[in-house]
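Below is final.txt, which holds compact mmCIF, C-alpha atoms and all ligand atoms.
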# COMPACT_ATOMS: atom_id res chain seq x y z
CA MET A 740 0.00 0.00 0.00
CA ALA A 741 1.32 3.40 -0.97
CA SER A 742 1.57 5.84 1.90
CA LYS A 743 0.68 9.50 1.90
CA LYS A 744 3.77 11.50 2.74
CA LEU A 745 3.95 15.02 4.11
CA PRO A 746 6.47 17.68 3.09
CA PHE A 747 6.64 19.01 6.67
CA THR A 748 6.93 17.81 10.26
CA LYS A 749 4.79 18.57 13.27
CA GLN A 750 7.56 20.87 14.57
CA LYS A 751 7.54 22.84 11.31
CA ILE A 752 3.78 23.33 11.46
CA GLU A 753 3.93 24.33 15.14
CA GLU A 754 6.47 26.95 14.21
CA ILE A 755 4.25 28.23 11.36
CA THR A 756 1.18 28.46 13.62
CA LYS A 757 3.04 30.99 15.81
CA THR A 758 2.70 33.44 12.89
CA TYR A 759 -0.31 32.07 11.03
CA PRO A 760 -3.01 30.55 13.22
CA THR A 761 -4.93 27.48 12.06
CA PRO A 762 -6.82 26.70 9.96
CA PHE A 763 -4.88 27.36 6.75
CA HIS A 764 -4.08 25.71 3.46
CA ILE A 765 -0.40 25.21 2.76
CA TYR A 766 0.95 24.42 -0.72
CA ASP A 767 4.23 22.68 -1.49
CA GLU A 768 6.00 24.75 -4.17
CA LYS A 769 8.75 22.22 -4.81
CA ALA A 770 6.28 19.40 -5.49
CA ILE A 771 4.10 21.64 -7.69
CA ARG A 772 7.12 22.58 -9.81
CA GLU A 773 8.39 19.00 -10.05
CA ASN A 774 4.98 17.75 -11.13
CA ALA A 775 4.68 20.52 -13.74
CA LYS A 776 8.08 19.60 -15.17
CA GLU A 777 7.11 15.92 -15.22
CA LEU A 778 3.91 16.66 -17.20
CA ILE A 779 5.80 18.75 -19.74
CA ARG A 780 8.54 16.14 -20.07
CA ALA A 781 6.07 13.27 -20.61
CA PHE A 782 3.95 15.15 -23.17
CA GLY A 783 7.08 16.38 -24.93
CA ILE A 784 6.50 13.49 -27.36
CA VAL A 785 3.35 15.08 -28.84
CA THR A 786 3.34 18.05 -31.22
CA GLY A 787 3.35 21.56 -29.68
CA PHE A 788 2.21 20.45 -26.24
CA LYS A 789 0.91 23.05 -23.83
CA GLU A 790 -0.97 22.81 -20.53
CA PHE A 791 -3.42 25.54 -19.55
CA PHE A 792 -3.91 25.31 -15.77
CA ALA A 793 -7.63 25.28 -14.92
CA VAL A 794 -7.69 28.30 -12.62
CA LYS A 795 -10.87 27.23 -10.84
CA ALA A 796 -8.94 24.46 -9.06
CA LEU A 797 -6.70 26.88 -7.16
CA PRO A 798 -7.40 30.49 -8.10
CA ASN A 799 -4.36 32.08 -6.48
CA PRO A 800 -2.20 34.37 -8.66
CA PHE A 801 1.02 33.36 -6.85
CA ILE A 802 0.42 29.75 -7.84
CA MET A 803 -0.49 30.84 -11.37
CA LYS A 804 2.79 32.76 -11.60
CA ILE A 805 4.76 29.69 -10.50
CA LEU A 806 2.99 27.62 -13.14
CA LYS A 807 3.60 30.28 -15.79
CA GLU A 808 7.30 30.04 -14.99
CA GLU A 809 7.06 26.30 -15.62
CA GLY A 810 5.56 27.03 -19.05
CA PHE A 811 1.84 26.67 -18.36
CA GLY A 812 -0.93 28.93 -19.57
CA ALA A 813 -4.27 29.46 -17.81
CA ASP A 814 -7.71 28.04 -18.50
CA CYS A 815 -10.24 30.63 -17.36
CA SER A 816 -14.01 30.38 -17.14
CA SER A 817 -15.13 33.77 -15.82
CA LEU A 818 -14.28 37.46 -15.77
CA PRO A 819 -12.54 37.30 -12.35
CA GLU A 820 -10.45 34.35 -13.55
CA LEU A 821 -9.47 36.31 -16.68
CA LEU A 822 -8.45 39.23 -14.45
CA LEU A 823 -6.39 36.90 -12.23
CA ALA A 824 -4.57 35.55 -15.28
CA GLU A 825 -3.85 39.10 -16.42
CA LYS A 826 -2.49 39.98 -12.94
CA ALA A 827 -0.28 36.89 -12.99
CA GLY A 828 1.15 38.07 -16.32
CA ILE A 829 -0.63 35.42 -18.38
CA VAL A 830 -2.13 37.04 -21.48
CA GLY A 831 -2.77 36.47 -25.18
CA GLU A 832 -2.99 32.92 -26.42
CA ASP A 833 -1.58 31.64 -23.13
CA ILE A 834 -5.17 31.98 -21.93
CA MET A 835 -7.84 29.51 -22.93
CA PHE A 836 -11.27 30.92 -22.19
CA SER A 837 -13.58 27.92 -21.76
CA SER A 838 -16.82 29.12 -20.29
CA ASN A 839 -20.49 28.31 -20.66
CA ASP A 840 -23.66 30.38 -20.47
CA THR A 841 -21.21 33.21 -21.10
CA PRO A 842 -22.14 36.88 -20.65
CA ALA A 843 -21.10 39.19 -23.51
CA GLU A 844 -18.75 41.24 -21.30
CA GLU A 845 -16.64 38.15 -20.69
CA PHE A 846 -16.22 37.62 -24.44
CA ILE A 847 -15.18 41.27 -24.68
CA LYS A 848 -12.53 40.95 -21.94
CA ALA A 849 -11.25 37.64 -23.32
CA LYS A 850 -10.91 39.18 -26.79
CA GLU A 851 -9.20 42.26 -25.35
CA LEU A 852 -6.65 39.99 -23.64
CA GLY A 853 -6.12 38.11 -26.90
CA ALA A 854 -7.24 34.87 -25.23
CA ILE A 855 -8.21 31.78 -27.18
CA ILE A 856 -12.00 31.78 -27.05
CA ASN A 857 -13.61 28.37 -26.76
CA LEU A 858 -17.32 28.53 -27.60
CA ASP A 859 -19.74 26.29 -25.73
CA ASP A 860 -22.62 26.58 -28.20
CA ILE A 861 -23.27 27.22 -31.87
CA THR A 862 -25.44 30.28 -31.08
CA HIS A 863 -22.46 31.89 -29.33
CA ILE A 864 -20.79 32.51 -32.70
CA ASP A 865 -23.33 35.24 -33.27
CA VAL A 866 -23.09 36.56 -29.68
CA LEU A 867 -19.29 36.75 -29.95
CA GLU A 868 -19.43 38.43 -33.36
CA LYS A 869 -21.90 41.07 -32.17
CA SER A 870 -20.22 41.76 -28.80
CA ALA A 871 -16.45 41.47 -29.22
CA GLY A 872 -16.15 40.68 -32.91
CA LEU A 873 -14.81 37.40 -34.23
CA PRO A 874 -11.12 36.82 -33.46
CA ASP A 875 -8.73 35.15 -35.98
CA LEU A 876 -8.75 31.98 -33.90
CA VAL A 877 -11.91 30.28 -32.62
CA CYS A 878 -12.33 26.98 -30.79
CA PHE A 879 -15.45 24.88 -30.21
CA ARG A 880 -16.20 22.60 -27.29
CA TYR A 881 -17.36 19.18 -28.47
CA ASN A 882 -19.89 17.10 -26.55
CA PRO A 883 -19.55 13.58 -27.97
CA GLY A 884 -22.91 12.58 -26.47
CA PRO A 885 -23.66 8.88 -26.83
CA LEU A 886 -20.21 8.21 -28.36
CA LYS A 887 -18.63 8.55 -24.93
CA GLU A 888 -19.47 7.15 -21.53
CA GLY A 889 -19.25 9.57 -18.65
CA ASN A 890 -17.73 9.23 -15.26
CA SER A 891 -19.37 9.84 -11.91
CA ILE A 892 -18.16 13.39 -11.28
CA ILE A 893 -19.07 15.02 -14.58
CA GLY A 894 -21.87 12.62 -15.60
CA LYS A 895 -22.84 11.24 -19.01
CA PRO A 896 -21.93 13.50 -21.95
CA GLU A 897 -25.42 12.93 -23.34
CA GLU A 898 -26.93 14.44 -20.20
CA SER A 899 -24.41 17.22 -19.91
CA LYS A 900 -25.13 20.86 -20.72
CA TYR A 901 -21.78 21.49 -22.37
CA GLY A 902 -20.62 21.79 -25.91
CA PHE A 903 -21.70 21.28 -29.52
CA THR A 904 -23.19 18.09 -30.93
CA ARG A 905 -21.10 16.39 -33.59
CA GLU A 906 -23.36 17.71 -36.35
CA GLN A 907 -23.20 21.27 -35.01
CA LEU A 908 -19.39 21.17 -35.21
CA PHE A 909 -19.58 20.81 -39.00
CA GLN A 910 -22.14 23.62 -39.28
CA GLY A 911 -20.18 25.85 -36.89
CA TYR A 912 -16.82 25.57 -38.63
CA GLU A 913 -18.52 26.03 -41.99
CA LEU A 914 -20.03 29.26 -40.70
CA LEU A 915 -16.71 30.49 -39.23
CA LYS A 916 -14.99 29.78 -42.53
CA LYS A 917 -17.64 31.75 -44.39
CA LYS A 918 -17.15 34.65 -41.97
CA GLY A 919 -13.43 34.76 -42.69
CA VAL A 920 -12.06 33.09 -39.54
CA LYS A 921 -8.69 31.56 -40.44
CA ARG A 922 -7.54 29.60 -37.40
CA PHE A 923 -9.41 26.78 -35.69
CA GLY A 924 -9.26 24.75 -32.50
CA LEU A 925 -11.30 21.86 -31.13
CA HIS A 926 -11.84 21.05 -27.45
CA THR A 927 -13.63 18.63 -25.20
CA MET A 928 -13.89 18.01 -21.48
CA VAL A 929 -15.76 14.84 -20.61
CA ALA A 930 -14.41 13.58 -17.31
CA SER A 931 -13.15 14.74 -13.97
CA ASN A 932 -11.05 12.94 -11.40
CA GLU A 933 -10.58 10.00 -13.74
CA LEU A 934 -7.76 7.58 -12.89
CA ASN A 935 -8.10 5.27 -15.90
CA THR A 936 -5.48 6.01 -18.58
CA ASP A 937 -7.55 4.40 -21.32
CA TYR A 938 -10.34 6.88 -20.73
CA PHE A 939 -8.16 9.81 -21.83
CA VAL A 940 -6.73 7.98 -24.78
CA GLU A 941 -10.20 6.99 -25.97
CA THR A 942 -11.39 10.60 -25.60
CA ALA A 943 -8.42 11.82 -27.62
CA ARG A 944 -9.22 9.32 -30.34
CA ILE A 945 -12.88 10.40 -30.57
CA LEU A 946 -11.76 14.02 -30.79
CA PHE A 947 -9.07 13.31 -33.38
CA GLU A 948 -11.46 11.31 -35.53
CA ALA A 949 -14.01 14.13 -35.44
CA ALA A 950 -11.28 16.67 -36.31
CA VAL A 951 -10.07 14.62 -39.26
CA GLU A 952 -13.59 14.28 -40.65
CA ILE A 953 -14.28 18.01 -40.19
CA SER A 954 -10.95 18.94 -41.80
CA MET A 955 -11.77 16.93 -44.88
CA LYS A 956 -15.46 17.87 -45.20
CA VAL A 957 -15.20 21.57 -44.34
CA GLY A 958 -11.74 22.11 -45.80
CA ILE A 959 -10.00 23.58 -42.76
CA ASP A 960 -6.87 22.72 -40.79
CA PHE A 961 -6.90 22.55 -37.02
CA GLU A 962 -4.23 24.55 -35.25
CA PHE A 963 -4.76 22.71 -31.99
CA ILE A 964 -6.79 20.04 -30.26
CA ASN A 965 -7.45 20.64 -26.56
CA LEU A 966 -8.09 17.36 -24.74
CA GLY A 967 -9.49 19.13 -21.67
CA GLY A 968 -8.60 18.21 -18.11
CA GLY A 969 -9.94 15.53 -15.83
CA ILE A 970 -6.85 13.58 -14.82
CA GLY A 971 -7.64 12.29 -11.34
CA ILE A 972 -5.49 12.02 -8.25
CA PRO A 973 -5.05 9.20 -5.72
CA TYR A 974 -7.02 10.60 -2.79
CA ARG A 975 -6.89 7.20 -1.11
CA PRO A 976 -3.56 5.72 -0.05
CA GLU A 977 -4.20 2.51 -2.00
CA GLN A 978 -4.87 4.33 -5.30
CA GLU A 979 -2.19 4.91 -7.91
CA ARG A 980 -1.48 8.09 -9.78
CA VAL A 981 -2.09 8.32 -13.51
CA SER A 982 1.09 7.82 -15.51
CA TYR A 983 1.60 10.90 -17.71
CA ASP A 984 3.87 8.80 -19.90
CA ARG A 985 1.17 6.23 -20.58
CA VAL A 986 -1.44 8.88 -21.41
CA ALA A 987 1.02 10.72 -23.67
CA GLU A 988 2.00 7.49 -25.47
CA GLY A 989 -1.67 6.59 -26.03
CA VAL A 990 -2.46 10.09 -27.30
CA LEU A 991 0.52 9.96 -29.67
CA LYS A 992 -0.63 6.64 -31.08
CA ALA A 993 -4.17 7.96 -31.66
CA TYR A 994 -2.64 11.06 -33.28
CA ASN A 995 -0.56 8.97 -35.65
CA ASP A 996 -3.57 6.82 -36.54
CA THR A 997 -5.66 9.86 -37.45
CA PHE A 998 -3.89 13.08 -38.47
CA VAL A 999 -0.62 11.54 -39.60
CA LYS A 1000 -2.24 8.64 -41.45
CA ASN A 1001 -4.55 11.02 -43.35
CA GLY A 1002 -1.67 13.34 -44.24
CA LEU A 1003 -3.27 16.33 -42.50
CA LYS A 1004 -1.42 19.31 -41.15
CA PRO A 1005 -0.44 18.26 -37.59
CA PRO A 1006 -2.30 20.23 -34.89
CA LYS A 1007 -0.77 21.07 -31.52
CA ILE A 1008 -2.00 19.16 -28.47
CA TYR A 1009 -3.24 21.02 -25.42
CA LEU A 1010 -4.44 19.97 -21.98
CA GLU A 1011 -6.30 22.03 -19.39
CA CYS A 1012 -5.89 20.02 -16.20
CA GLY A 1013 -6.54 21.55 -12.81
CA ARG A 1014 -6.85 18.95 -10.07
CA VAL A 1015 -3.77 16.89 -10.95
CA ILE A 1016 -1.59 20.01 -11.16
CA THR A 1017 -2.07 21.27 -7.60
CA GLY A 1018 -4.49 18.93 -5.78
CA PRO A 1019 -1.98 16.57 -4.12
CA TYR A 1020 0.32 19.40 -3.09
CA GLY A 1021 -2.04 21.24 -0.78
CA TYR A 1022 -2.89 20.46 2.85
CA LEU A 1023 -5.54 21.91 5.11
CA ILE A 1024 -3.99 22.29 8.55
CA THR A 1025 -6.43 22.38 11.41
CA GLN A 1026 -6.30 21.95 15.16
CA VAL A 1027 -8.49 19.66 17.22
CA ARG A 1028 -10.52 21.96 19.42
CA HIS A 1029 -12.79 19.51 21.24
CA LEU A 1030 -13.22 15.80 21.68
CA LYS A 1031 -16.75 14.63 22.13
CA SER A 1032 -18.00 11.22 23.12
CA ILE A 1033 -21.74 10.54 22.62
CA TYR A 1034 -23.12 7.73 20.46
CA LYS A 1035 -19.92 8.06 18.45
CA GLU A 1036 -16.52 9.63 18.98
CA TYR A 1037 -16.04 13.09 17.47
CA ALA A 1038 -12.88 15.09 16.93
CA GLY A 1039 -14.05 18.68 16.42
CA THR A 1040 -11.65 20.92 14.53
CA ASP A 1041 -11.20 24.65 14.07
CA ALA A 1042 -11.85 24.25 10.31
CA SER A 1043 -15.15 23.48 8.60
CA MET A 1044 -16.56 22.50 5.23
CA ALA A 1045 -16.27 26.20 4.34
CA ASN A 1046 -12.52 25.45 4.01
CA LEU A 1047 -12.90 22.15 2.19
CA MET A 1048 -16.33 21.02 1.16
CA ARG A 1049 -15.58 17.95 -0.96
CA PRO A 1050 -16.16 15.45 1.89
CA GLY A 1051 -19.40 17.21 2.90
CA ILE A 1052 -20.93 17.52 -0.56
CA TYR A 1053 -19.65 14.45 -2.38
CA GLY A 1054 -18.70 12.19 0.51
CA ALA A 1055 -15.20 12.43 -0.97
CA TYR A 1056 -12.31 10.76 0.82
CA HIS A 1057 -9.52 13.03 2.04
CA HIS A 1058 -6.70 11.37 3.90
CA ILE A 1059 -5.96 12.70 7.38
CA THR A 1060 -2.66 12.58 9.24
CA VAL A 1061 -2.46 13.38 12.94
CA LEU A 1062 0.82 15.31 13.07
CA GLY A 1063 3.49 13.77 15.27
CA LYS A 1064 1.54 10.49 15.38
CA GLU A 1065 2.44 9.33 11.86
CA ASP A 1066 3.83 6.03 13.16
CA GLN A 1067 1.20 5.28 15.81
CA PRO A 1068 -1.33 2.48 15.24
CA LEU A 1069 -4.81 3.38 13.96
CA THR A 1070 -6.67 2.25 17.05
CA HIS A 1071 -9.50 4.76 17.38
CA LYS A 1072 -12.49 5.46 15.19
CA TYR A 1073 -13.57 9.09 14.78
CA ASP A 1074 -15.86 11.36 12.87
CA VAL A 1075 -13.65 14.37 12.21
CA THR A 1076 -15.94 17.37 12.17
CA GLY A 1077 -16.11 21.09 11.50
CA SER A 1078 -18.10 23.68 13.41
CA LEU A 1079 -20.80 24.46 10.87
CA CYS A 1080 -24.43 23.93 11.86
CA GLU A 1081 -24.81 21.22 9.25
CA ASN A 1082 -24.41 17.57 10.12
CA ASN A 1083 -22.61 16.87 6.85
CA ASP A 1084 -19.78 19.15 8.02
CA LYS A 1085 -17.47 16.16 8.46
CA PHE A 1086 -14.01 15.70 6.98
CA ALA A 1087 -14.16 11.99 7.71
CA ILE A 1088 -16.69 9.49 9.01
CA ASP A 1089 -15.70 6.37 10.99
CA ARG A 1090 -12.04 7.03 10.21
CA LEU A 1091 -9.44 4.92 11.99
CA LEU A 1092 -6.78 7.21 13.41
CA PRO A 1093 -4.29 7.19 16.27
CA LYS A 1094 -5.73 8.31 19.60
CA ILE A 1095 -6.36 12.05 19.30
CA GLU A 1096 -5.89 14.60 22.06
CA ARG A 1097 -7.22 18.14 22.27
CA GLY A 1098 -4.80 20.49 20.56
CA ASP A 1099 -3.50 17.89 18.10
CA LEU A 1100 -2.77 19.25 14.65
CA LEU A 1101 -4.29 17.49 11.67
CA ALA A 1102 -3.16 17.62 8.05
CA ILE A 1103 -6.06 16.99 5.68
CA HIS A 1104 -4.44 15.91 2.41
CA ASP A 1105 -5.10 16.82 -1.21
CA SER A 1106 -6.66 20.21 -0.50
CA GLY A 1107 -4.70 21.86 -3.33
CA ALA A 1108 -7.61 21.74 -5.77
CA HIS A 1109 -11.24 22.64 -5.06
CA GLY A 1110 -10.29 23.26 -1.42
CA TYR A 1111 -9.96 26.97 -0.74
CA ALA A 1112 -11.51 27.54 -4.16
CA MET A 1113 -14.89 26.11 -3.17
CA GLY A 1114 -14.92 28.04 0.09
CA PHE A 1115 -17.98 29.93 1.21
CA ASN A 1116 -19.22 32.07 4.07
CA TYR A 1117 -22.36 30.24 5.15
CA ASN A 1118 -22.89 30.31 8.91
CA GLY A 1119 -20.54 33.30 9.13
CA LYS A 1120 -17.50 31.12 8.49
CA LEU A 1121 -14.50 33.10 7.30
CA ARG A 1122 -12.14 31.88 4.61
CA SER A 1123 -8.70 30.84 5.80
CA ALA A 1124 -5.25 32.00 4.76
CA GLU A 1125 -3.25 30.29 2.01
CA LEU A 1126 0.45 29.70 2.63
CA LEU A 1127 3.23 28.63 0.31
CA LEU A 1128 5.97 26.30 1.54
CA ARG A 1129 8.88 27.51 -0.56
CA GLU A 1130 11.65 25.38 -1.96
CA ASP A 1131 14.10 26.70 0.66
CA GLY A 1132 11.75 25.69 3.48
CA SER A 1133 10.55 29.22 4.21
CA VAL A 1134 6.86 30.04 4.32
CA LYS A 1135 5.13 32.84 2.45
CA GLN A 1136 1.55 33.92 3.02
CA ILE A 1137 -0.03 34.15 -0.43
CA ARG A 1138 -3.48 35.13 0.81
CA ARG A 1139 -4.41 36.38 4.26
CA ALA A 1140 -7.33 34.99 6.23
CA GLU A 1141 -10.63 36.84 6.02
CA THR A 1142 -11.73 39.06 8.89
CA THR A 1143 -15.23 40.02 9.97
CA ASP A 1144 -14.63 43.33 8.16
CA ASP A 1145 -14.27 41.39 4.91
CA TYR A 1146 -17.42 39.46 5.72
CA PHE A 1147 -19.39 42.67 6.33
CA ALA A 1148 -17.79 44.65 3.51
CA THR A 1149 -20.92 44.58 1.36
CA LEU A 1150 -23.18 45.88 4.16
CA ASP A 1151 -23.76 49.54 4.95
CA PHE A 1152 -24.17 49.79 8.76
CA LYS A 1153 -24.54 53.59 8.59
CA ASP A 1154 -27.59 53.10 6.45
CA LEU A 1155 -28.87 50.55 9.00
CA ARG A 1156 -28.72 53.07 11.86
CA SER A 1157 -31.13 55.44 10.11
CA PHE A 1158 -33.30 52.60 8.80
CA LYS A 1159 -36.72 52.33 10.44
C1 LIG B 1 -12.92 22.00 -14.41
C2 LIG B 1 -12.46 22.14 -15.81
C3 LIG B 1 -11.17 21.76 -16.17
C4 LIG B 1 -10.21 21.13 -15.21
O1 LIG B 1 -10.68 19.90 -14.75
P1 LIG B 1 -9.80 18.99 -13.77
O2 LIG B 1 -10.68 17.84 -13.49
O3 LIG B 1 -9.51 19.83 -12.58
O4 LIG B 1 -8.56 18.64 -14.51
C5 LIG B 1 -10.79 21.95 -17.47
N1 LIG B 1 -11.62 22.50 -18.38
C6 LIG B 1 -12.87 22.88 -18.07
C7 LIG B 1 -13.72 23.47 -19.13
C8 LIG B 1 -13.33 22.71 -16.79
O5 LIG B 1 -14.58 23.08 -16.47
Could I get this file's structure written as structure tokens?
Ligand SMILES: *Cc1c(COP(=O)(O)O)cnc(C)c1O
Amino acid sequence: MASKKLPFTKQKIEEITKTYPTPFHIYDEKAIRENAKELIRAFGIVTGFKEFFAVKALPNPFIMKILKEEGFGADCSSLPELLLAEKAGIVGEDIMFSSNDTPAEEFIKAKELGAIINLDDITHIDVLEKSAGLPDLVCFRYNPGPLKEGNSIIGKPEESKYGFTREQLFQGYELLKKKGVKRFGLHTMVASNELNTDYFVETARILFEAAVEISMKVGIDFEFINLGGGIGIPYRPEQERVSYDRVAEGVLKAYNDTFVKNGLKPPKIYLECGRVITGPYGYLITQVRHLKSIYKEYAGTDASMANLMRPGIYGAYHHITVLGKEDQPLTHKYDVTGSLCENNDKFAIDRLLPKIERGDLLAIHDSGAHGYAMGFNYNGKLRSAELLLREDGSVKQIRRAETTDDYFATLDFKDLRSFK
């Protein structure tokens, strides 16, 4: 069984808590950089590879800047995400704008930044033309519908709200061509948190086959094919990580069988992964505030599902290490809870852990994607700080914790005083 290692000791975290009180998320810069390099190395075998980090996974501009340095672009889905990319120095065609139900002002900002605009629907061609004007390069999101089985997180493509049908792709590119657009991309995103290599390779093949058929029928060349994101991570200790090499080799084979075999101009291959880029390299650090023994044993922490809601909303597994007790036997069964007035505010249910004492520090693993990002303020819970564990072992705060002033910032108490 693989074990889940930590990039810090209990002593290190105790030292950090003197400056930054719990709870907080801490991200391991060294591991993020190494993983980014590994992805780029593995996909080096395919033409023009580029990864656009899906900002929604960890929307922090410091992290985005690190990833930019490693050669990544940004995949944005909203105006604030576009603005974050701009702040992090990611502009032009290093931004992929993949949004849905898109307001016109977002098309305008994306066009102004020179981003690659990925349209979710055939009717958006007209919306884009009338709002921002058609750029030289346009991409469509493909929903393969019944051609592809879904996975549990994103659901069946046939039932999903995203993208163009296969038939609409032909009509859409035909229309773009008629309107003078010269450069074309094709995209899909059909899975999330998928650990099966074959799934990605099969998706690539479906996409490549569609692109080849469109190229020949419509008479266009594709500049790139974006295979989307969705590579999963081993949340559980017994799971294995996806081999980038195996996915890249499978994609290359599908590429050779389609574009190369048909003698078409070879498009570049893009990915827009989020979870696998930062997920495993973030930890939510929280302190056990109370122990409670009723019908079950509870370890109550100073964090809540407002800091990490995946366990609460999906019943997702997040590994927990009791710091300083890494080598102790797992002799006690706990529900590890947060303080929200919601009974699903639990980080773990019936989890075997070493005996916990009040004041123990817990590391909740894999909080580097959809952790802070999914945070909310329900029940007056404030969002935590985000810290970066640097390669030299120092710690930098990359976002401060919220205060009650932040929470009340949209209220006008002066107006309340005179309100009758
Ligand atoms: C969420 C999302 C991604 C990233 O998905 P991961 O599962 O985090 O890799 C990529 N593209 C789009 C359009 C998305 O919505």
Residues of range 911-1005 of chain A that have any atom at most 7 Å from an atom of range 861-884 of chain A: could you tabulate them with the shortest-distance atom pair and the distance in Å to one decimal, using all atoms listed in the file, ordered by chain and increasing number, as a tab-separated table?
residue	atom	partner	partner_atom	distance
A:Gly911	CA	A:Ile861	CA	6.1
A:Val920	CA	A:Asp875	CA	5.3
A:Lys921	CA	A:Asp875	CA	5.7
A:Arg922	CA	A:Leu876	CA	4.4
A:Phe923	CA	A:Val877	CA	5.3
A:Gly924	CA	A:Cys878	CA	4.2
A:Leu925	CA	A:Phe879	CA	5.2
A:His926	CA	A:Arg880	CA	4.6
A:Thr927	CA	A:Tyr881	CA	5.0
| query | Looking at A:Leu946, A:Leu858, A:Ile1095, A:Leu1126, which one is nearest to ligand LIG 1 (chain B), with distances taken over all atoms listed in the file? | reply |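 Using all atoms listed in the file, the shortest distance to ligand LIG 1 (chain B) belongs to A:Leu858.
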| request: Name the residues, by chain letter and number, that sit within 9 Å of ligand LIG 1 (chain B) using all atoms listed in the file, and give them as a PyMOL selection string. | output: chain A and resi 791-796+814-816+836-839+880+892-893+901+926-933+966-971+1010-1016+1018+1108-1109
| said: One number please: CA of Thr786 in chain A to CA of Pro1006 in chain A, in Å, one decimal. | reply: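 Distance reported for this atom pair: 7.1 Å.
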| field | For CA of Asp840 in chain A and CA of Leu823 in chain A, the interatomic separation in Å (one decimal) | value | 20.2 Å
| Which is closest to Thr748 in chain A among A:Leu1062, A:Leu1150, A:Ala849, A:Leu1155, if we use only C-alpha atoms? |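 Selected residue with least distance to Thr748 in chain A: A:Leu1062.
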